[in-house]
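S.K.: Structure file final00.pdb (PDB, C-alpha atoms and all ligand atoms) right here:
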```
ATOM      1  CA  MET T  72     -32.924   1.810  19.448
ATOM      2  CA  GLN T  73     -35.029  -0.502  17.294
ATOM      3  CA  LYS T  74     -33.095  -2.661  14.935
ATOM      4  CA  LYS T  75     -34.224  -4.969  12.161
ATOM      5  CA  ILE T  76     -32.213  -6.790   9.584
ATOM      6  CA  ARG T  77     -33.614  -6.695   6.053
ATOM      7  CA  HIS T  78     -31.562  -8.152   3.264
ATOM      8  CA  ASN T  79     -28.168  -6.561   3.486
ATOM      9  CA  ALA T  80     -29.091  -3.487   5.452
ATOM     10  CA  THR T  81     -29.419  -2.774   9.138
ATOM     11  CA  PHE T  82     -32.198  -0.306   9.951
ATOM     12  CA  TYR T  83     -32.206   1.954  12.984
ATOM     13  CA  ALA T  84     -35.057   4.209  14.114
ATOM     14  CA  ILE T  85     -33.810   7.592  15.214
ATOM     15  CA  LYS T  86     -34.823   8.172  18.809
ATOM     16  CA  SER T  87     -33.238  11.557  19.317
ATOM     17  CA  SER T  88     -35.006  14.876  19.154
ATOM     18  CA  HIS T  89     -33.283  15.538  15.858
ATOM     19  CA  ARG T  90     -35.774  13.688  13.692
ATOM     20  CA  PRO T  91     -35.522  15.159  10.196
ATOM     21  CA  VAL T  92     -38.744  16.912   9.284
ATOM     22  CA  SER T  93     -38.909  16.949   5.531
ATOM     23  CA  GLY T  94     -37.196  15.921   2.347
ATOM     24  CA  THR T  95     -33.794  15.222   3.838
ATOM     25  CA  MET T  96     -31.586  12.535   2.552
ATOM     26  CA  ALA T  97     -27.886  12.201   3.158
ATOM     27  CA  ARG T  98     -25.397   9.454   2.558
ATOM     28  CA  ILE T  99     -22.022   8.731   4.108
ATOM     29  CA  ASP T 100     -19.766   6.337   2.219
ATOM     30  CA  PHE T 101     -16.966   4.516   3.988
ATOM     31  CA  LEU T 102     -14.564   3.802   1.139
ATOM     32  CA  GLY T 103     -11.823   2.797   3.543
ATOM     33  CA  THR T 104     -12.034   1.472   7.104
ATOM     34  CA  GLY T 105      -8.473   0.468   7.992
ATOM     35  CA  ASN T 106      -5.850   1.951  10.289
ATOM     36  CA  ALA T 107      -2.396   3.138   9.161
ATOM     37  CA  PHE T 108      -1.322  -0.465   8.444
ATOM     38  CA  SER T 109      -4.152  -1.135   5.946
ATOM     39  CA  PRO T 110      -5.137  -4.565   7.326
ATOM     40  CA  LYS T 111      -6.106  -7.149   4.711
ATOM     41  CA  GLY T 112      -9.356  -6.119   2.991
ATOM     42  CA  ARG T 113      -9.231  -2.522   4.205
ATOM     43  CA  PHE T 114      -7.977   0.684   2.651
ATOM     44  CA  HIS T 115      -7.063   3.606   4.915
ATOM     45  CA  ALA T 116     -10.085   5.131   6.644
ATOM     46  CA  LEU T 117     -12.075   8.041   5.314
ATOM     47  CA  ALA T 118     -15.711   9.119   5.108
ATOM     48  CA  ILE T 119     -17.342  10.671   2.046
ATOM     49  CA  ILE T 120     -20.477  12.714   2.752
ATOM     50  CA  ASP T 121     -23.025  13.212  -0.047
ATOM     51  CA  LYS T 122     -20.260  12.514  -2.592
ATOM     52  CA  CYS T 123     -18.878  16.032  -2.151
ATOM     53  CA  ILE T 124     -17.233  16.158   1.302
ATOM     54  CA  SER T 125     -14.273  14.052   2.346
ATOM     55  CA  ILE T 126     -13.210  13.608   5.942
ATOM     56  CA  ASP T 127      -9.431  13.309   5.519
ATOM     57  CA  ALA T 128      -7.408  12.453   2.425
ATOM     58  CA  PRO T 129      -5.662   9.072   2.712
ATOM     59  CA  PRO T 130      -2.829   8.229   0.288
ATOM     60  CA  THR T 131      -5.048   6.261  -2.111
ATOM     61  CA  LEU T 132      -8.009   8.656  -1.998
ATOM     62  CA  ILE T 133      -8.144   9.041  -5.799
ATOM     63  CA  TYR T 134      -8.204   5.274  -6.295
ATOM     64  CA  GLN T 135     -10.829   4.786  -3.568
ATOM     65  CA  LEU T 136     -13.104   7.379  -5.203
ATOM     66  CA  ARG T 137     -12.745   6.001  -8.714
ATOM     67  CA  ASN T 138     -13.293   2.480  -7.432
ATOM     68  CA  ALA T 139     -16.628   3.654  -5.986
ATOM     69  CA  SER T 140     -17.520   5.475  -9.232
ATOM     70  CA  ILE T 141     -17.244   8.870  -7.550
ATOM     71  CA  ASN T 142     -15.593  11.528  -9.700
ATOM     72  CA  PRO T 143     -12.686  12.996  -7.676
ATOM     73  CA  GLY T 144     -13.701  16.387  -9.107
ATOM     74  CA  SER T 145     -17.002  16.190  -7.211
ATOM     75  CA  ILE T 146     -15.116  16.376  -3.891
ATOM     76  CA  ASN T 147     -15.303  20.115  -3.256
ATOM     77  CA  ASN T 148     -14.682  20.029   0.492
ATOM     78  CA  ILE T 149     -12.052  18.255   2.591
ATOM     79  CA  LEU T 150     -12.079  18.354   6.401
ATOM     80  CA  PHE T 151      -8.798  17.318   8.016
ATOM     81  CA  THR T 152      -8.729  15.670  11.443
ATOM     82  CA  HIS T 153      -4.943  15.584  12.048
ATOM     83  CA  TRP T 154      -1.565  15.383  10.337
ATOM     84  CA  HIS T 155      -0.761  11.667  10.205
ATOM     85  CA  ALA T 156       0.161  10.346   6.757
ATOM     86  CA  ASP T 157      -2.719   7.864   6.475
ATOM     87  CA  HIS T 158      -5.106  10.837   6.762
ATOM     88  CA  THR T 159      -3.309  13.386   4.583
ATOM     89  CA  PHE T 160      -0.961  12.003   1.930
ATOM     90  CA  GLY T 161      -3.718  11.898  -0.702
ATOM     91  CA  PHE T 162      -3.906  15.681  -0.794
ATOM     92  CA  PRO T 163      -1.203  16.294  -3.448
ATOM     93  CA  PHE T 164      -2.962  13.812  -5.761
ATOM     94  CA  ILE T 165      -6.345  15.505  -5.307
ATOM     95  CA  LEU T 166      -4.832  18.898  -6.092
ATOM     96  CA  LEU T 167      -2.941  17.501  -9.097
ATOM     97  CA  GLU T 168      -6.155  15.944 -10.414
ATOM     98  CA  ARG T 169      -7.999  19.213  -9.839
ATOM     99  CA  LYS T 170      -5.389  21.233 -11.703
ATOM    100  CA  TYR T 171      -4.956  19.025 -14.760
ATOM    101  CA  LEU T 172      -8.127  16.945 -15.157
ATOM    102  CA  GLN T 173     -10.746  19.371 -13.798
ATOM    103  CA  ARG T 174      -9.519  22.428 -15.663
ATOM    104  CA  ASN T 175     -13.022  23.665 -16.443
ATOM    105  CA  LYS T 176     -14.187  23.459 -12.862
ATOM    106  CA  LYS T 177     -15.443  26.835 -11.712
ATOM    107  CA  ASN T 178     -15.499  26.392  -7.944
ATOM    108  CA  ASN T 179     -12.433  26.072  -5.741
ATOM    109  CA  LEU T 180     -11.568  23.189  -3.443
ATOM    110  CA  ASN T 181     -12.514  24.152   0.137
ATOM    111  CA  ILE T 182     -10.103  22.894   2.771
ATOM    112  CA  TYR T 183     -11.120  23.037   6.444
ATOM    113  CA  LEU T 184      -8.116  22.751   8.685
ATOM    114  CA  ARG T 185      -6.319  23.931  11.762
ATOM    115  CA  PRO T 186      -3.924  26.893  11.695
ATOM    116  CA  ASN T 187      -0.531  25.834  10.237
ATOM    117  CA  GLY T 188      -2.237  23.064   8.308
ATOM    118  CA  LYS T 189      -1.770  25.008   5.071
ATOM    119  CA  ASN T 190       1.974  24.899   5.660
ATOM    120  CA  PHE T 191       1.872  21.118   6.161
ATOM    121  CA  LEU T 192      -0.259  20.425   3.069
ATOM    122  CA  THR T 193       1.580  22.776   0.711
ATOM    123  CA  ASN T 194       4.926  21.292   1.819
ATOM    124  CA  LEU T 195       3.535  17.865   1.037
ATOM    125  CA  CYS T 196       2.667  19.054  -2.480
ATOM    126  CA  LYS T 197       6.106  20.614  -2.954
ATOM    127  CA  ILE T 198       7.777  17.340  -1.945
ATOM    128  CA  GLY T 199       5.436  15.181  -4.019
ATOM    129  CA  PHE T 200       5.186  17.246  -7.202
ATOM    130  CA  PRO T 201       7.908  19.929  -7.064
ATOM    131  CA  GLY T 202       7.252  22.804  -9.449
ATOM    132  CA  SER T 203       3.799  21.568 -10.464
ATOM    133  CA  LEU T 204       1.350  22.783  -7.848
ATOM    134  CA  GLU T 205       2.788  25.953  -6.297
ATOM    135  CA  ASP T 206       0.622  28.143  -8.563
ATOM    136  CA  SER T 207      -2.520  26.301  -7.441
ATOM    137  CA  PHE T 208      -2.246  26.756  -3.674
ATOM    138  CA  ASP T 209      -4.176  30.017  -3.674
ATOM    139  CA  LYS T 210      -5.747  29.882  -7.147
ATOM    140  CA  LEU T 211      -7.583  26.553  -6.733
ATOM    141  CA  VAL T 212      -7.973  26.272  -2.962
ATOM    142  CA  ASN T 213      -9.924  28.177  -0.279
ATOM    143  CA  TRP T 214      -8.212  27.628   3.090
ATOM    144  CA  ASN T 215     -10.694  27.821   5.961
ATOM    145  CA  GLU T 216      -9.233  27.760   9.477
ATOM    146  CA  SER T 217     -12.526  28.458  11.303
ATOM    147  CA  GLU T 218     -13.438  26.152  14.164
ATOM    148  CA  ASN T 219     -17.132  26.354  13.128
ATOM    149  CA  SER T 220     -18.329  26.771   9.566
ATOM    150  CA  GLN T 221     -20.950  26.038   6.980
ATOM    151  CA  ILE T 222     -19.550  23.515   4.488
ATOM    152  CA  MET T 223     -19.707  25.295   1.145
ATOM    153  CA  GLY T 224     -22.449  24.202  -1.246
ATOM    154  CA  THR T 225     -23.844  21.552   1.148
ATOM    155  CA  ASP T 226     -26.560  21.112   3.780
ATOM    156  CA  TRP T 227     -23.946  20.564   6.482
ATOM    157  CA  LYS T 228     -22.084  22.700   8.985
ATOM    158  CA  PHE T 229     -19.500  21.662  11.556
ATOM    159  CA  ASN T 230     -17.965  22.377  14.933
ATOM    160  CA  ARG T 231     -14.382  21.191  15.292
ATOM    161  CA  PHE T 232     -13.226  19.925  18.697
ATOM    162  CA  PRO T 233      -9.926  18.701  20.185
ATOM    163  CA  VAL T 234      -9.412  14.969  20.782
ATOM    164  CA  CYS T 235      -6.803  12.783  22.456
ATOM    165  CA  HIS T 236      -4.164  11.596  19.981
ATOM    166  CA  THR T 237      -0.459  12.197  19.243
ATOM    167  CA  PRO T 238      -0.205  15.894  20.193
ATOM    168  CA  GLU T 239       2.240  16.699  17.357
ATOM    169  CA  THR T 240      -0.555  15.943  14.854
ATOM    170  CA  ASP T 241      -2.918  18.611  16.282
ATOM    171  CA  PRO T 242      -5.774  16.069  16.481
ATOM    172  CA  HIS T 243      -9.444  17.073  16.200
ATOM    173  CA  GLY T 244     -12.888  15.646  15.556
ATOM    174  CA  TYR T 245     -15.932  17.118  13.796
ATOM    175  CA  GLU T 246     -19.496  17.511  14.967
ATOM    176  CA  LEU T 247     -21.379  17.577  11.663
ATOM    177  CA  ILE T 248     -24.879  19.022  11.718
ATOM    178  CA  HIS T 249     -27.306  18.615   8.830
ATOM    179  CA  LYS T 250     -29.684  21.490   8.143
ATOM    180  CA  ASN T 251     -32.544  19.280   9.341
ATOM    181  CA  GLY T 252     -30.888  18.621  12.668
ATOM    182  CA  PHE T 253     -29.239  15.230  12.212
ATOM    183  CA  VAL T 254     -25.921  15.172  14.092
ATOM    184  CA  LEU T 255     -23.018  12.961  13.049
ATOM    185  CA  LEU T 256     -20.036  12.910  15.377
ATOM    186  CA  HIS T 257     -16.758  12.029  13.659
ATOM    187  CA  CYS T 258     -14.238  11.619  16.459
ATOM    188  CA  GLY T 259     -11.080  11.608  14.328
ATOM    189  CA  ASP T 260      -8.194   9.427  15.426
ATOM    190  CA  SER T 261      -8.443   9.456  19.215
ATOM    191  CA  GLY T 262      -8.320   7.553  22.419
ATOM    192  CA  PRO T 263     -11.086   7.876  25.001
ATOM    193  CA  CYS T 264     -11.659  11.539  25.635
ATOM    194  CA  GLU T 265     -13.958  13.745  27.686
ATOM    195  CA  GLU T 266     -14.730  16.039  24.754
ATOM    196  CA  ILE T 267     -16.062  13.086  22.726
ATOM    197  CA  GLU T 268     -18.304  12.016  25.607
ATOM    198  CA  LEU T 269     -19.644  15.530  26.082
ATOM    199  CA  ARG T 270     -20.614  15.827  22.420
ATOM    200  CA  SER T 271     -21.938  12.277  22.127
ATOM    201  CA  LYS T 272     -24.989  13.183  24.207
ATOM    202  CA  ASN T 273     -26.196  15.378  21.345
ATOM    203  CA  ALA T 274     -25.234  13.067  18.461
ATOM    204  CA  ASP T 275     -27.417  10.663  16.479
ATOM    205  CA  VAL T 276     -24.558   8.578  15.116
ATOM    206  CA  ILE T 277     -20.995   8.413  16.462
ATOM    207  CA  ILE T 278     -17.978   7.321  14.427
ATOM    208  CA  LEU T 279     -15.077   6.018  16.525
ATOM    209  CA  GLU T 280     -11.673   4.999  15.188
ATOM    210  CA  MET T 281     -10.398   1.749  16.736
ATOM    211  CA  GLY T 282      -6.721   1.822  15.840
ATOM    212  CA  MET T 283      -5.317  -0.727  18.311
ATOM    213  CA  PRO T 284      -6.166  -4.209  19.633
ATOM    214  CA  ASP T 285      -6.446  -5.056  23.331
ATOM    215  CA  ILE T 286      -2.735  -5.719  23.775
ATOM    216  CA  GLY T 287      -1.824  -2.817  26.022
ATOM    217  CA  ASN T 288      -2.756   0.623  27.195
ATOM    218  CA  PHE T 289      -3.013   3.143  24.343
ATOM    219  CA  PRO T 290      -4.281   6.535  25.455
ATOM    220  CA  TYR T 291      -4.160   7.877  21.883
ATOM    221  CA  HIS T 292      -6.279   5.109  20.338
ATOM    222  CA  HIS T 293      -9.547   3.336  21.047
ATOM    223  CA  THR T 294      -9.195  -0.399  21.641
ATOM    224  CA  PRO T 295     -12.138  -2.868  21.623
ATOM    225  CA  ALA T 296     -12.323  -2.589  25.441
ATOM    226  CA  ASP T 297     -12.530   1.214  25.154
ATOM    227  CA  ILE T 298     -15.300   0.948  22.551
ATOM    228  CA  ILE T 299     -17.293  -1.396  24.816
ATOM    229  CA  SER T 300     -16.955   0.920  27.783
ATOM    230  CA  PHE T 301     -17.999   3.888  25.584
ATOM    231  CA  THR T 302     -21.192   2.139  24.440
ATOM    232  CA  GLN T 303     -22.054   1.246  28.040
ATOM    233  CA  LYS T 304     -22.222   5.003  28.658
ATOM    234  CA  PHE T 305     -24.310   5.633  25.510
ATOM    235  CA  PRO T 306     -26.458   2.500  25.045
ATOM    236  CA  ASP T 307     -29.046   4.248  22.817
ATOM    237  CA  LYS T 308     -26.568   5.619  20.282
ATOM    238  CA  LEU T 309     -25.486   3.965  17.080
ATOM    239  CA  VAL T 310     -21.698   3.605  17.171
ATOM    240  CA  LEU T 311     -19.830   2.980  13.927
ATOM    241  CA  VAL T 312     -16.279   1.692  14.214
ATOM    242  CA  THR T 313     -13.733   2.516  11.520
ATOM    243  CA  HIS T 314      -9.905   2.874  11.228
ATOM    244  CA  ASN T 315      -9.994  -0.754  12.343
ATOM    245  CA  TYR T 316      -6.748  -2.570  13.222
ATOM    246  CA  ALA T 317      -8.399  -5.912  12.394
ATOM    247  CA  THR T 318      -8.533  -7.828   9.135
ATOM    248  CA  SER T 319     -11.768  -7.441   7.166
ATOM    249  CA  LYS T 320     -14.540  -9.974   7.936
ATOM    250  CA  SER T 321     -14.052 -11.704   4.602
ATOM    251  CA  LYS T 322     -10.266 -12.189   4.869
ATOM    252  CA  GLU T 323      -7.789 -14.183   6.878
ATOM    253  CA  GLY T 324      -5.123 -12.111   8.560
ATOM    254  CA  GLU T 325      -3.019 -11.389  11.582
ATOM    255  CA  PHE T 326      -5.687  -9.651  13.671
ATOM    256  CA  LYS T 327      -9.126 -11.264  13.783
ATOM    257  CA  ILE T 328     -12.094  -8.933  13.970
ATOM    258  CA  PRO T 329     -13.003  -8.534  17.672
ATOM    259  CA  LYS T 330     -16.379  -9.626  19.043
ATOM    260  CA  LEU T 331     -18.244  -6.497  20.087
ATOM    261  CA  PRO T 332     -21.825  -6.008  21.303
ATOM    262  CA  LYS T 333     -24.501  -5.920  18.579
ATOM    263  CA  SER T 334     -25.175  -2.200  19.059
ATOM    264  CA  ILE T 335     -21.723  -1.506  17.629
ATOM    265  CA  HIS T 336     -21.315  -1.728  13.869
ATOM    266  CA  GLN T 337     -17.773  -2.448  12.687
ATOM    267  CA  LEU T 338     -17.688  -0.914   9.225
ATOM    268  CA  GLU T 339     -16.247  -2.663   6.197
ATOM    269  CA  ASP T 340     -14.937  -0.946   3.051
ATOM    270  CA  GLY T 341     -17.913  -0.024   0.852
ATOM    271  CA  ASP T 342     -20.468   0.217   3.675
ATOM    272  CA  PHE T 343     -22.588   3.347   3.707
ATOM    273  CA  LEU T 344     -24.933   5.114   6.083
ATOM    274  CA  ASN T 345     -28.156   6.238   4.468
ATOM    275  CA  ILE T 346     -30.204   8.896   6.240
ATOM    276  CA  SER T 347     -33.685   9.081   4.770
ATOM    277  CA  ASP T 348     -36.414  11.687   4.950
ATOM    278  CA  ASP T 349     -38.742   9.506   7.048
ATOM    279  CA  GLY T 350     -36.524   9.838  10.103
ATOM    280  CA  THR T 351     -34.644   6.559   9.837
ATOM    281  CA  PHE T 352     -31.128   5.702   8.968
ATOM    282  CA  LYS T 353     -29.578   2.469   7.900
ATOM    283  CA  ILE T 354     -26.202   0.904   7.323
ATOM    284  CA  CYS T 355     -25.927  -0.774   3.953
ATOM    285  CA  SER T 356     -23.236  -3.127   2.715
ATOM    286  CA  ILE T 357     -22.342  -3.623  -0.901
TER     287      ILE T 357
HETATM  288 ZN    ZN E   1      -3.462   9.212  13.647
END
```
Write out the structure in this file as structure tokens.

M.R.:
Amino acid sequence: MQKKIRHNATFYAIKSSHRPVSGTMARIDFLGTGNAFSPKGRFHALAIIDKCISIDAPPTLIYQLRNASINPGSINNILFTHWHADHTFGFPFILLERKYLQRNKKNNLNIYLRPNGKNFLTNLCKIGFPGSLEDSFDKLVNWNESENSQIMGTDWKFNRFPVCHTPETDPHGYELIHKNGFVLLHCGDSGPCEEIELRSKNADVIILEMGMPDIGNFPYHHTPADIISFTQKFPDKLVLVTHNYATSKSKEGEFKIPKLPKSIHQLEDGDFLNISDDGTFKICSI
């Protein structure tokens, strides 16, 4: 992997066989990079793809979108990784916004989720806004429980795969494949796991969630030591770390950001991955 620093961006040359061939450009915005405790300088983790797909719906999703000048109504697809609150509690707000502020919107919100997820999300809406959203569950939302699917109205499709996290949350990750072959592996909230390693061989960029520091053994979370041992197995891959337990680089807080090898990029809120049509991708910071 070649790497050069220019201004505020880090450039990586794609070495995989998935070099985009023409006209492709995609962008992944990391509007939050913190774990469930929202360390100083970090909102809860999520990834926004091409301003129309959200991986998970953290509690402050609406605020995070508006803060980045992204209209919440442009999010037409949400892919859920698991049922922890920091990944899901924004859903009632998104549906409320859709019902009342996006009344003229013609297309439905597409939700990609595991079986029984509809029950979880609609209960959340009933608790949060009783009497307000029941009529919208089937009128404004398409519920897609497929394990593999095209993402509606986009250049992306996905394969969902099981990961290693609190079993009660039905945890999964997403292998996201652009029509030009670029593969982004979003591993959800997970500890080290064979399924992630199997799929990493075929990925161009891998997103790992690092929810815990090196203070014990946490099979359901990646720690810095786990991330280092992962990158030793995949030295040519770009690894992006999010869902970080540590305070943001620019703040003082309880958990200092860990020192990790240079091939690992610990994301900060506002960073984005730009995939351009000349076969390169870069991480940019605002
Ligand atoms: Zn979780």

S.K.: Given 5 Å on each side, where is the centre and what are the edge lengths in Å to one decimal of the axis-aligned box enclosing the listed atoms of range 133-148 of chain T, as lines of an AutoDock Vina configuration file?

M.R.:
```
center_x = -12.8
center_y = 11.3
center_z = -4.6
size_x = 19.4
size_y = 27.6
size_z = 20.2
```

S.K.: Which residue is closest to Glu268 in chain T? Choose from T:Ile298, T:Leu204, T:Leu166, T:Ile286 and count only C-alpha atoms.

M.R.: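 Closest candidate: T:Ile298.
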
S.K.: Considering only C-alpha atoms, return as a ChimeraX atom specification whatever protein or nucleic-acid residues lie within 10 Å of Phe301 in chain T, sequence-local ones (same chain, fewer than 3 positions apart) excluded.

M.R.: /T:263-264,267-268,271,279,293,295-298,304-306,310

S.K.: To one decimal place in Å, what is the distance between CA of Arg137 in chain T and CA of Cys258 in chain T?

M.R.: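 For CA of Arg137 in chain T relative to CA of Cys258 in chain T, the distance reads 25.8 Å.
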
S.K.: Work out how far apart CA of Phe352 in chain T and CA of Met283 in chain T are and give it in Å to one decimal.

M.R.: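 Result for CA of Phe352 in chain T versus CA of Met283 in chain T: 28.2 Å, one decimal.
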
S.K.: Do you know which residues the PyMOL selection byres (((chain T and resi 225-227) around 9) and not hetatm) returns on this file, as a PyMOL selection string?

M.R.: chain T and resi 121+123-124+220-224+228-229+247-251

S.K.: Applied to this file, what does the PyMOL selection byres (((chain T and resi 99-111) around 7) and not hetatm) return in terms of residues, put as JSON, numbers by chain?

M.R.: {"T": [97, 98, 112, 113, 114, 115, 116, 117, 118, 119, 120, 121, 135, 157, 282, 313, 314, 315, 316, 317, 318, 319, 322, 324, 338, 339, 340, 341, 342, 343, 344, 345]}

S.K.: Which residue gives the smallest distance to ligand ZN 1 (chain E) among T:Thr351, T:Asn187, T:Thr237, T:Asn175, with all atoms listed in the file counted?

M.R.: T:Thr237

S.K.: Report, in Å with one decimal, the straight-line distance from CA of Ala274 in chain T to CA of Leu256 in chain T.

M.R.: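 So the two atoms, CA of Ala274 in chain T and CA of Leu256 in chain T, lie 6.0 Å apart.
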
S.K.: Check which residues fall inside 9 Å of ligand ZN 1 (chain E) when counting all atoms listed in the file, and print them as a PyMOL selection string.

M.R.: chain T and resi 106-107+152-158+236-237+240+242+259-261+282+291-292

S.K.: Can you spit out the residues from that selection as a PDB file, keeping the file's coordinate frame, using C-alpha atoms?

M.R.:
```
ATOM      1  CA  ASN T 106      -5.850   1.951  10.289  1.00  0.00           C
ATOM      2  CA  ALA T 107      -2.396   3.138   9.161  1.00  0.00           C
ATOM      3  CA  THR T 152      -8.729  15.670  11.443  1.00  0.00           C
ATOM      4  CA  HIS T 153      -4.943  15.584  12.048  1.00  0.00           C
ATOM      5  CA  TRP T 154      -1.565  15.383  10.337  1.00  0.00           C
ATOM      6  CA  HIS T 155      -0.761  11.667  10.205  1.00  0.00           C
ATOM      7  CA  ALA T 156       0.161  10.346   6.757  1.00  0.00           C
ATOM      8  CA  ASP T 157      -2.719   7.864   6.475  1.00  0.00           C
ATOM      9  CA  HIS T 158      -5.106  10.837   6.762  1.00  0.00           C
ATOM     10  CA  HIS T 236      -4.164  11.596  19.981  1.00  0.00           C
ATOM     11  CA  THR T 237      -0.459  12.197  19.243  1.00  0.00           C
ATOM     12  CA  THR T 240      -0.555  15.943  14.854  1.00  0.00           C
ATOM     13  CA  PRO T 242      -5.774  16.069  16.481  1.00  0.00           C
ATOM     14  CA  GLY T 259     -11.080  11.608  14.328  1.00  0.00           C
ATOM     15  CA  ASP T 260      -8.194   9.427  15.426  1.00  0.00           C
ATOM     16  CA  SER T 261      -8.443   9.456  19.215  1.00  0.00           C
ATOM     17  CA  GLY T 282      -6.721   1.822  15.840  1.00  0.00           C
ATOM     18  CA  TYR T 291      -4.160   7.877  21.883  1.00  0.00           C
ATOM     19  CA  HIS T 292      -6.279   5.109  20.338  1.00  0.00           C
TER      20      HIS T 292
END
```
